[in-house]
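Below: entry_28.txt (compact mmCIF, C-alpha atoms)
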# COMPACT_ATOMS: atom_id res chain seq x y z
CA ASP A 1 -190.53 -8.42 154.82
CA LEU A 2 -191.99 -9.86 157.98
CA PRO A 3 -195.72 -10.30 158.52
CA GLU A 4 -197.29 -7.82 160.91
CA GLY A 5 -197.09 -9.13 164.46
CA ILE A 6 -193.85 -11.10 163.93
CA GLN A 7 -190.52 -10.11 165.50
CA VAL A 8 -187.12 -11.64 164.75
CA GLY A 9 -184.16 -10.87 166.95
CA PHE A 10 -181.11 -12.22 168.72
CA GLY A 11 -180.57 -13.14 172.30
CA TRP A 12 -177.71 -14.67 174.23
CA SER A 13 -177.15 -17.84 176.11
CA ILE A 14 -175.13 -16.62 179.10
CA ARG A 15 -173.13 -18.92 181.37
CA GLY A 16 -171.56 -17.93 184.66
CA THR A 17 -171.48 -18.33 188.41
CA SER A 18 -173.61 -16.96 191.20
CA PRO A 19 -173.85 -17.50 194.98
CA ARG A 20 -176.22 -20.37 194.18
CA GLY A 21 -173.78 -22.03 191.80
CA ASP A 22 -173.24 -22.22 188.04
CA PHE A 23 -176.08 -21.10 185.78
CA THR A 24 -177.13 -20.84 182.15
CA GLN A 25 -179.71 -18.28 181.09
CA THR A 26 -181.13 -17.53 177.66
CA SER A 27 -182.82 -14.18 177.10
CA TRP A 28 -184.35 -12.13 174.31
CA LEU A 29 -182.27 -8.97 174.11
CA MET A 30 -182.29 -7.21 170.76
CA PRO A 31 -184.71 -7.21 167.80
CA LEU A 32 -183.62 -6.92 164.20
CA VAL A 33 -184.28 -3.50 162.67
CA LYS A 34 -185.18 -2.89 159.01
CA SER A 35 -182.75 -0.62 157.16
CA GLU A 36 -181.60 0.09 153.62
CA ARG A 37 -178.96 -2.64 154.03
CA GLY A 38 -181.48 -5.25 155.17
CA TRP A 39 -182.42 -6.45 158.62
CA LEU A 40 -179.69 -5.45 161.06
CA LEU A 41 -178.90 -6.05 164.70
CA PHE A 42 -177.58 -2.84 166.26
CA GLU A 43 -175.46 -3.60 169.31
CA GLU A 44 -173.59 -0.65 170.80
CA ASN A 45 -172.10 -2.00 174.00
CA VAL A 46 -172.57 -5.70 174.66
CA SER A 47 -170.61 -5.75 177.90
CA ASP A 48 -172.51 -2.91 179.56
CA LYS A 49 -175.88 -4.31 178.51
CA VAL A 50 -175.15 -7.75 179.91
CA HIS A 51 -174.04 -6.36 183.26
CA ARG A 52 -176.93 -3.89 183.48
CA LEU A 53 -179.16 -6.97 183.33
CA GLY A 54 -177.52 -8.28 186.50
CA TRP A 55 -174.95 -10.85 185.38
CA GLY A 56 -171.66 -10.79 187.27
CA GLU A 57 -168.13 -10.12 186.03
CA ASP A 58 -167.45 -13.85 185.60
CA SER A 59 -170.37 -14.26 183.18
CA TYR A 60 -169.66 -14.80 179.52
CA LEU A 61 -171.44 -15.30 176.20
CA ASP A 62 -171.80 -19.00 175.38
CA HIS A 63 -173.61 -18.66 172.04
CA TRP A 64 -176.06 -16.55 170.07
CA VAL A 65 -179.74 -17.51 169.97
CA LEU A 66 -182.14 -16.57 167.16
CA PHE A 67 -185.65 -15.76 168.40
CA VAL A 68 -188.89 -15.56 166.43
CA ARG A 69 -191.73 -14.01 168.43
CA GLY A 70 -195.34 -13.75 167.31
CA LYS A 71 -198.38 -11.93 168.55
CA THR A 72 -202.02 -12.61 167.77
CA PRO A 73 -203.30 -13.66 165.29
CA PHE A 74 -200.11 -15.79 164.90
CA LYS A 75 -200.12 -17.17 168.46
CA GLY A 76 -200.10 -20.95 168.34
CA GLN A 77 -199.53 -21.07 164.58
CA ARG A 78 -196.49 -22.25 162.69
CA VAL A 79 -194.60 -19.44 160.97
CA VAL A 80 -191.67 -20.22 158.64
CA ILE A 81 -189.08 -17.47 158.10
CA TYR A 82 -186.21 -17.89 155.63
CA LEU A 83 -182.92 -16.15 156.40
CA ASP A 84 -180.51 -15.38 153.58
CA GLU A 85 -176.95 -14.04 153.70
CA VAL A 86 -176.66 -13.93 157.48
CA ARG A 87 -173.41 -12.11 158.28
CA ALA A 88 -171.68 -10.72 161.34
CA ALA A 89 -169.63 -7.55 161.11
CA SER A 90 -167.96 -5.03 163.37
CA SER A 91 -169.29 -1.54 163.83
CA PRO A 92 -168.69 0.87 160.95
CA GLY A 93 -165.35 2.62 161.06
CA GLY A 94 -162.01 2.92 159.36
CA PRO A 95 -160.61 0.05 157.33
CA GLY A 96 -157.97 -0.76 159.95
CA ALA A 97 -154.60 -2.35 159.31
CA GLU A 98 -154.12 -6.03 158.67
CA PRO A 99 -152.78 -8.11 161.59
CA LYS A 100 -149.06 -7.46 161.74
CA LEU A 101 -146.47 -10.19 162.09
CA VAL A 102 -144.43 -9.32 165.19
CA PHE A 103 -142.70 -12.62 165.95
CA SER A 104 -141.74 -15.81 164.12
CA ASP A 105 -139.55 -18.76 164.98
CA ASP A 106 -138.63 -21.78 162.85
CA PHE A 107 -136.12 -23.13 165.42
CA GLU A 108 -133.38 -23.55 162.84
CA ARG A 109 -130.67 -23.58 165.51
CA ASP A 110 -129.22 -25.65 168.33
CA ASP A 111 -130.59 -23.92 171.46
CA VAL A 112 -133.90 -22.47 172.57
CA GLY A 113 -132.58 -18.91 172.54
CA GLU A 114 -133.44 -15.65 174.26
CA SER A 115 -136.87 -15.31 172.63
CA TRP A 116 -138.26 -17.97 174.99
CA ARG A 117 -138.35 -18.31 178.77
CA SER A 118 -138.89 -21.79 180.21
CA LEU A 119 -141.30 -21.70 183.16
CA HIS A 120 -141.45 -25.45 183.70
CA GLY A 121 -139.84 -28.47 182.05
CA ALA A 122 -136.64 -29.01 180.07
CA TRP A 123 -137.27 -27.38 176.70
CA THR A 124 -134.72 -28.09 173.95
CA ILE A 125 -134.34 -28.01 170.18
CA LYS A 126 -134.74 -31.43 168.59
CA ASP A 127 -134.89 -32.11 164.85
CA ARG A 128 -135.19 -28.35 164.25
CA ALA A 129 -138.31 -28.03 166.42
CA LEU A 130 -139.06 -26.88 169.98
CA TYR A 131 -139.27 -30.04 172.09
CA VAL A 132 -140.16 -30.94 175.67
CA VAL A 133 -140.88 -34.02 177.73
CA GLY A 134 -143.84 -32.66 179.65
CA PRO A 135 -145.41 -31.33 181.57
CA GLY A 136 -143.81 -28.14 180.36
CA THR A 137 -144.64 -24.46 179.98
CA ILE A 138 -142.70 -21.82 178.09
CA ALA A 139 -143.38 -18.12 177.43
CA CYS A 140 -142.32 -15.96 174.50
CA THR A 141 -140.38 -12.90 175.67
CA LYS A 142 -141.63 -10.82 172.74
CA PRO A 143 -144.80 -8.80 173.58
CA VAL A 144 -147.57 -9.17 170.99
CA GLY A 145 -150.38 -7.09 172.52
CA PRO A 146 -153.81 -7.85 174.00
CA ASP A 147 -155.41 -8.80 170.64
CA THR A 148 -153.43 -11.35 168.73
CA ARG A 149 -153.35 -14.33 166.39
CA ILE A 150 -150.94 -17.18 167.21
CA GLU A 151 -150.13 -19.91 164.70
CA TYR A 152 -147.99 -23.01 165.16
CA ASP A 153 -147.39 -26.56 163.95
CA CYS A 154 -147.29 -29.34 166.53
CA ILE A 155 -146.91 -33.11 166.82
CA ALA A 156 -146.77 -35.77 169.54
CA ASP A 157 -146.60 -39.56 169.68
CA ASP A 158 -149.30 -39.61 172.35
CA PRO A 159 -150.93 -36.14 172.29
CA ALA A 160 -151.98 -34.58 175.59
CA ASP A 161 -152.13 -30.79 175.47
CA LEU A 162 -150.33 -29.15 172.59
CA SER A 163 -151.76 -25.90 173.83
CA ALA A 164 -151.19 -22.15 173.93
CA VAL A 165 -152.10 -19.24 176.20
CA VAL A 166 -152.45 -15.55 175.29
CA GLY A 167 -152.78 -12.30 177.21
CA ILE A 168 -150.29 -13.20 179.95
CA PRO A 169 -147.31 -11.56 181.68
CA PRO A 170 -143.99 -13.11 180.61
CA GLU A 171 -142.96 -14.38 184.04
CA ASP A 172 -146.05 -16.38 185.09
CA TRP A 173 -149.42 -17.40 183.70
CA VAL A 174 -151.09 -19.41 186.45
CA ARG A 175 -154.80 -18.54 186.20
CA GLN A 176 -154.10 -15.60 183.93
CA GLY A 177 -155.10 -14.82 180.37
CA TYR A 178 -156.85 -17.20 177.98
CA PHE A 179 -155.74 -20.82 177.75
CA PHE A 180 -156.51 -22.55 174.44
CA GLY A 181 -156.26 -26.27 175.11
CA PHE A 182 -155.57 -28.43 172.04
CA GLY A 183 -155.98 -32.08 173.04
CA ALA A 184 -156.71 -31.18 176.66
CA ASN A 185 -157.87 -33.55 179.40
CA ALA A 186 -155.93 -36.55 178.05
CA ASN A 187 -156.82 -35.61 174.46
CA THR A 188 -160.57 -35.84 175.02
CA ARG A 189 -161.49 -32.27 174.06
CA ASN A 190 -160.32 -28.81 173.06
CA LYS A 191 -161.19 -26.00 175.45
CA ILE A 192 -160.79 -22.35 176.40
CA LEU A 193 -160.07 -21.30 179.98
CA ARG A 194 -160.52 -17.75 181.25
CA ARG A 195 -158.22 -17.22 184.23
CA GLY A 196 -158.37 -20.94 184.86
CA GLN A 197 -162.16 -21.26 184.49
CA GLU A 198 -163.48 -23.21 181.51
CA ILE A 199 -165.79 -21.13 179.32
CA HIS A 200 -166.01 -23.23 176.15
CA SER A 201 -165.10 -26.70 174.89
CA ASP A 202 -165.62 -29.03 171.94
CA THR A 203 -164.54 -32.51 170.89
CA ARG A 204 -164.00 -31.73 167.20
CA HIS A 205 -160.58 -31.84 165.55
CA LEU A 206 -158.47 -33.40 168.30
CA PRO A 207 -154.76 -34.08 167.69
CA ARG A 208 -153.85 -37.44 166.19
CA PRO A 209 -150.77 -39.44 167.23
CA ARG A 210 -147.63 -38.87 165.15
CA GLN A 211 -149.36 -36.36 162.84
CA TRP A 212 -148.45 -32.72 162.33
CA HIS A 213 -151.27 -30.23 162.90
CA HIS A 214 -151.51 -26.52 162.16
CA VAL A 215 -153.22 -24.58 164.97
CA VAL A 216 -154.47 -20.99 164.82
CA ILE A 217 -155.80 -19.21 167.90
CA GLU A 218 -157.20 -15.70 167.92
CA LYS A 219 -158.32 -13.14 170.44
CA ARG A 220 -160.03 -10.23 168.68
CA GLY A 221 -161.74 -8.01 171.20
CA ARG A 222 -164.40 -10.21 172.79
CA HIS A 223 -164.09 -12.90 170.10
CA LEU A 224 -162.09 -16.05 170.90
CA ARG A 225 -161.56 -18.88 168.46
CA MET A 226 -159.31 -21.79 167.53
CA LEU A 227 -158.84 -23.47 164.16
CA VAL A 228 -157.16 -26.83 163.59
CA ASP A 229 -155.87 -27.59 160.10
CA GLY A 230 -158.16 -24.90 158.74
CA GLN A 231 -161.27 -26.24 160.49
CA ALA A 232 -163.13 -24.34 163.25
CA SER A 233 -162.87 -26.12 166.59
CA LEU A 234 -163.64 -23.43 169.20
CA ASP A 235 -165.57 -20.19 168.77
CA THR A 236 -167.02 -18.08 171.57
CA PHE A 237 -167.19 -14.60 173.09
CA ASP A 238 -166.14 -13.11 176.42
CA THR A 239 -168.32 -10.15 177.39
CA ARG A 240 -165.52 -8.73 179.59
CA PRO A 241 -162.26 -9.39 177.75
CA LEU A 242 -159.15 -9.79 179.86
CA HIS A 243 -155.85 -7.98 179.59
CA ASP A 244 -153.50 -9.69 182.04
CA GLY A 245 -150.47 -9.13 179.81
CA ASP A 246 -149.17 -8.80 176.24
CA HIS A 247 -147.34 -12.13 175.92
CA PHE A 248 -148.16 -15.68 174.84
CA GLY A 249 -146.84 -19.10 175.71
CA LEU A 250 -147.02 -22.83 174.99
CA TYR A 251 -148.02 -25.72 177.22
CA VAL A 252 -147.56 -29.50 176.93
CA TRP A 253 -148.77 -32.16 179.31
CA GLY A 254 -147.09 -35.14 177.62
CA THR A 255 -144.26 -35.02 175.10
CA GLY A 256 -144.51 -32.71 172.13
CA LYS A 257 -142.87 -30.64 169.42
CA PHE A 258 -143.70 -27.16 168.10
CA ASP A 259 -142.50 -25.55 164.89
CA ASN A 260 -143.21 -22.55 162.64
CA VAL A 261 -144.54 -20.36 165.45
CA ARG A 262 -146.01 -17.06 164.27
CA ALA A 263 -147.49 -14.24 166.37
CA TYR A 264 -149.52 -11.39 164.89
CA ALA A 265 -150.61 -8.21 166.64
CA ILE A 266 -154.17 -7.16 165.78
CA PRO A 267 -154.49 -3.34 165.85
CA PRO A 268 -157.47 -1.93 167.80
CA GLY A 269 -159.26 -0.96 164.58
CA GLU A 270 -159.15 -4.59 163.42
CA ALA A 271 -160.31 -6.25 166.65
CA LYS A 272 -163.88 -7.46 166.14
CA ASP A 273 -166.42 -7.78 168.96

Rewrite the structure from the file as structure tokens, please.
Amino acid sequence: DLPEGIQVGFGWSIRGTSPRGDFTQTSWLMPLVKSERGWLLFEENVSDKVHRLGWGEDSYLDHWVLFVRGKTPFKGQRVVIYLDEVRAASSPGGPGAEPKLVFSDDFERDDVGESWRSLHGAWTIKDRALYVVGPGTIACTKPVGPDTRIEYDCIADDPADLSAVVGIPPEDWVRQGYFFGFGANANTRNKILRRGQEIHSDTRHLPRPRQWHHVVIEKRGRHLRMLVDGQASLDTFDTRPLHDGDHFGLYVWGTGKFDNVRAYAIPPGEAKD
């Protein structure tokens, strides 16, 4: 239990653009509420709340912030609060179905095939893997839905973007959907772009030359993340999730190979905010 006069809650660090330029703002939004299941944060509609507070449509959640607020007689004193078993969960509801495999490709053939549409670059099959001398972009013709998990293996002698994009139409993706850059900007960072605007980046788990990597990217409701070889690299939220299309694609700046591509559709009941 908390001492009288102490509040613990969560706020957001919001990043976005305004007529005066880019901004970052951190605000106390929601206190924790005591219940039979412990201290809970009840959040009914994140998107509406953010925009009621005056942030524009291009604003997005950068990260959560834990606040501890005290009133007299604690003002100016040090208060230590221990948190145990901190967990995030979706709103109560049905169990939902597991993400469903809707597309897979191991490239055990001689040509690219009808499941892929080359948008730029000469994509071929080499050593039983999808290969291109970049820059190159290619889209999967199989729709996977707005919420999806994409997995693939990739390798390059000199990595520079072994990346993927989700939530796009099949014919074009320029400034559409979410771009998950693996080894972006000359292999200096991983990043997420929202309609061409960077919303999150990190320098952890970059691709290594001549080494296979397993990449997983997910869009689950507002939640966006990327894992590299089982390690979290990117993790953020978009308060106004996009739906520019139901397809995904791959992008390479240099030369690269892709193999064991898997696409999973996440049913609405499984998409977590």

Shortest contact to Ile217 of chain A, candidates A:Asp158, A:Asp259, A:Asp235, A:Glu98, atoms counted all atoms listed in the file, goes to A:Asp235

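Among the candidates A:Arg222, A:Lys257, A:His247, A:Arg189, the residue lying nearest to Leu162 of chain A is A:Lys257 (atoms considered: all atoms listed in the file).
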
Long-range neighbours of Lys219 of chain A as JSON, numbers by chain, 7 Å cut-off, all atoms listed in the file, 6 positions minimum in chain
{"A": [147, 148, 149, 225]}

Using all atoms listed in the file, which residues sit within 8 Å of Asn187 of chain A once same-chain residues fewer than 6 positions away are excluded, as a PyMOL selection string?
chain A and resi 159-161+206-207

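With only C-alpha atoms as the atoms that count, the minimum distance from Thr255 of chain A to the choices A:Arg175, A:Arg210, A:Lys100, A:Lys142 is reached by A:Arg210.
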
For atom CA of Gly254 of chain A and atom CA of Gly145 of chain A, the interatomic separation in Å (one decimal):
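Computed distance, atom CA of Gly254 of chain A to atom CA of Gly145 of chain A, equals 28.7 Å.
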
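Near Leu227 of chain A, within 10 Å and counting all atoms listed in the file, sit Glu151, Phe182, His205, His214, Val215, Val216, Ile217, Glu218, Gly230, Gln231, Ala232, Ser233, Leu234 and Asp235 of chain A; same-chain residues fewer than 3 positions away were not included.
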
Length of the atom CA of Tyr178 of chain A to atom CA of Trp123 of chain A vector [Å]:
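Distance reported for this atom pair: 22.1 Å.
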